[in-house]
Amino acid sequence: MRRAFAVIAGWLVAFAPAIAAAADAPVPSIDVQVIAATTSAQNDVTLVLMVTGDGLDPSALPADSDQCDGSGYTRGEDPPEVACYKIVATENGQPVSALSYQQLFNHGTVGYLQLRYHTPVEPRHARTLRIDLSFTLGNDVVRNRNPEAEIDMAGFSSDAFPDPDNPWAPLYAFQDRRLNALYAGLTGSPQVAGDPELRSLATKAEQDWVASKEADCSAPLMPTPLEVDWCRTLRTTDRIDHLSVLPRSVAGATP
C-alpha cells in the first residue's frame, strides 16, 4: 500500500507543473469588430466583421459557411461535421430576423465575415447593435469576450459601403488604411527618416508594389469590381504581414 501511495505521489509531483500550466493558460476567446455597415430602404442590414482569435491556433477559426446559417454547429453528410459560428444579434434590445453570414476569408487567427439581417428598428431612429459570436472547438466553446458591447450604428456611413453585394470594397478600404498607417510608422521611424537613401529605397519599393498590385488586380482575369476589390484586399493583407516585420529588421533585431 505504501508503495502504491508513493507511486501516486510521484505521479502528482511529475505532472503538477503541467496541471498548473494548463490552469494558467488563457481561455481561447474571440473579439468582434464591425468594419463597415449599410442599411437598405427595406431595413436590410449588411455588415463586414473582423473576428480576432485570442489563444487560438490559426486553424481553429471556422473556415466554411456554406452549410452554416448562424445558428451554430451543424452536421452534414460530407464532411460529417462542420464548425460554424453561432450568432446572436439584437438592435435596441430587439432580436433581429433573417440573420445569415458568409465567410469572406481567414488570415491567421483573424477571420472576416459578411453578416446580413433585417433590423426591427426603423433606420431613422438611433440604433444600438449587440453581437455575440461563438463556435464549437472540440469539446469546448470559444466565445466573444465582450458580447455586451454596444455598437452605435450611426457611426457607419452607407456611403463607405454603397453596394451590399460587394463587401470587399469596404474591407479593402479598411486594410488599405491599416497598410498606410504601418507604412507611415515605418518611414517615420528614426532609422528610416534619418537616412535619406534608406527612405528613398522604402518609398520606391512601396510605389513599385502599388503598381504591381494594381496591374495584377485590374488584369482581364479580374473583370468585375467585386473581383478587383477581392484581389486588392488579399494583396494588401499580405503586404501588411511583410511590412510588419521590417521595423525589427531595420532596427537590427532578429525577427
# chains A, B, ... in the order shown; residues from 1 in each chain; ligands from 1

$ residues_around --residues "Glu122 in chain A" --least-positions-apart "6" --cutoff "12 Å" --atoms "only C-alpha atoms" --output "ChimeraX atom specification"
/A:39-45,91-92,94,128,153

$ write_last_selection --atoms "N, CA and C atoms" --output "PDB file, in the first residue's frame"
ATOM      1  N   THR A  39     -27.436  49.974 -44.516  1.00  0.00           N
ATOM      2  CA  THR A  39     -28.831  49.600 -44.325  1.00  0.00           C
ATOM      3  C   THR A  39     -29.624  50.026 -45.549  1.00  0.00           C
ATOM      4  N   SER A  40     -30.400  49.099 -46.106  1.00  0.00           N
ATOM      5  CA  SER A  40     -31.188  49.391 -47.306  1.00  0.00           C
ATOM      6  C   SER A  40     -32.500  50.070 -46.934  1.00  0.00           C
ATOM      7  N   ALA A  41     -33.211  50.536 -47.948  1.00  0.00           N
ATOM      8  CA  ALA A  41     -34.514  51.163 -47.729  1.00  0.00           C
ATOM      9  C   ALA A  41     -35.518  50.176 -47.161  1.00  0.00           C
ATOM     10  N   GLN A  42     -35.253  48.875 -47.323  1.00  0.00           N
ATOM     11  CA  GLN A  42     -36.143  47.834 -46.811  1.00  0.00           C
ATOM     12  C   GLN A  42     -35.730  47.359 -45.410  1.00  0.00           C
ATOM     13  N   ASN A  43     -34.829  48.103 -44.768  1.00  0.00           N
ATOM     14  CA  ASN A  43     -34.340  47.795 -43.417  1.00  0.00           C
ATOM     15  C   ASN A  43     -33.476  46.536 -43.366  1.00  0.00           C
ATOM     16  N   ASP A  44     -32.897  46.145 -44.486  1.00  0.00           N
ATOM     17  CA  ASP A  44     -31.968  45.028 -44.506  1.00  0.00           C
ATOM     18  C   ASP A  44     -30.559  45.565 -44.260  1.00  0.00           C
ATOM     19  N   VAL A  45     -29.866  44.960 -43.311  1.00  0.00           N
ATOM     20  CA  VAL A  45     -28.555  45.427 -42.876  1.00  0.00           C
ATOM     21  C   VAL A  45     -27.488  44.458 -43.359  1.00  0.00           C
ATOM     22  N   GLU A  91     -30.813  44.646 -31.968  1.00  0.00           N
ATOM     23  CA  GLU A  91     -30.743  46.108 -32.115  1.00  0.00           C
ATOM     24  C   GLU A  91     -31.731  46.717 -31.140  1.00  0.00           C
ATOM     25  N   ASN A  92     -31.218  47.637 -30.324  1.00  0.00           N
ATOM     26  CA  ASN A  92     -32.028  48.264 -29.272  1.00  0.00           C
ATOM     27  C   ASN A  92     -32.709  47.210 -28.399  1.00  0.00           C
ATOM     28  N   GLN A  94     -33.833  44.347 -29.286  1.00  0.00           N
ATOM     29  CA  GLN A  94     -34.788  43.507 -30.000  1.00  0.00           C
ATOM     30  C   GLN A  94     -34.044  42.540 -30.918  1.00  0.00           C
ATOM     31  N   THR A 128     -28.669  50.794 -31.650  1.00  0.00           N
ATOM     32  CA  THR A 128     -27.513  50.227 -30.969  1.00  0.00           C
ATOM     33  C   THR A 128     -27.503  48.725 -31.196  1.00  0.00           C
ATOM     34  N   MET A 153     -24.805  52.297 -34.470  1.00  0.00           N
ATOM     35  CA  MET A 153     -24.931  52.136 -35.919  1.00  0.00           C
ATOM     36  C   MET A 153     -24.838  53.461 -36.660  1.00  0.00           C
TER      37      MET A 153
END

$ select_by_dssp --residues "range 79-241 of chain A" --states "alpha helix (DSSP H)" --output "PyMOL selection string"
chain A and resi 168-187+190-193+196-217+225-241

$ closest_residue --among "A:Leu179, A:Ala193, A:Leu171, A:Cys231" --to "Ser244 in chain A" --atoms "only C-alpha atoms"
A:Leu179

$ select_by_dssp --residues "range 75-176 of chain A" --states "strand (DSSP E or B)" --output "PyMOL selection string"
chain A and resi 75+81-82+85-91+94-95+97-107+110-118+128-137+140-144+151-152

$ closest_residue --among "A:Val88, A:Leu243, A:Ala169, A:Ala181" --to "Glu227 in chain A" --atoms "only C-alpha atoms"
A:Ala169

$ residues_around --residues "Ser212 in chain A" --least-positions-apart "5" --cutoff "12 Å" --atoms "only C-alpha atoms" --output "PyMOL selection string"
chain A and resi 205-207+217-219+231-232+235-236+239

$ write_last_selection --atoms "C-alpha atoms" --output "short mmCIF file (atom, residue, chain, number, x, y, z; two decimals), in the first residue's frame"
data_model
loop_
_atom_site.label_atom_id
_atom_site.label_comp_id
_atom_site.auth_asym_id
_atom_site.auth_seq_id
_atom_site.Cartn_x
_atom_site.Cartn_y
_atom_site.Cartn_z
CA ALA A 205 9.66 49.83 -53.04
CA GLU A 206 6.17 50.85 -51.96
CA GLN A 207 5.48 52.63 -55.27
CA CYS A 217 -5.86 43.15 -59.82
CA SER A 218 -7.02 45.15 -62.83
CA ALA A 219 -5.96 42.49 -65.35
CA CYS A 231 -7.72 40.81 -55.19
CA ARG A 232 -6.70 44.15 -53.70
CA ARG A 235 -2.68 41.51 -51.74
CA THR A 236 -2.85 44.32 -49.16
CA ARG A 239 1.72 43.35 -47.71
#

$ atom_distance --atom1 "CA of Val121 in chain A" --atom2 "CA of Thr52 in chain A"
28.2 Å

$ residues_around --residues "range 131-143 of chain A" --least-positions-apart "6" --cutoff "12 Å" --atoms "only C-alpha atoms" --output "number ranges by chain"
A: 26-34, 47, 49-57, 59-63, 68, 70-74, 81-96, 99, 101, 113, 115, 117, 149-152

$ closest_residue --among "A:Pro170, A:Thr46, A:Gly185, A:Pro220" --to "Thr119 in chain A" --atoms "only C-alpha atoms"
A:Thr46

$ closest_residue --among "A:Asp176, A:Asn144, A:Thr224, A:Pro190" --to "Asp238 in chain A" --atoms "only C-alpha atoms"
A:Asp176

$ closest_residue --among "A:Leu129, A:Leu234, A:Ala37, A:Ala160" --to "Pro147 in chain A" --atoms "only C-alpha atoms"
A:Leu129

$ closest_residue --among "A:Asn166, A:Asn106, A:Gln67, A:Ser100" --to "Leu226 in chain A" --atoms "only C-alpha atoms"
A:Asn166

$ atom_distance --atom1 "CA of Tyr183 in chain A" --atom2 "CA of Asp241 in chain A"
11.6 Å
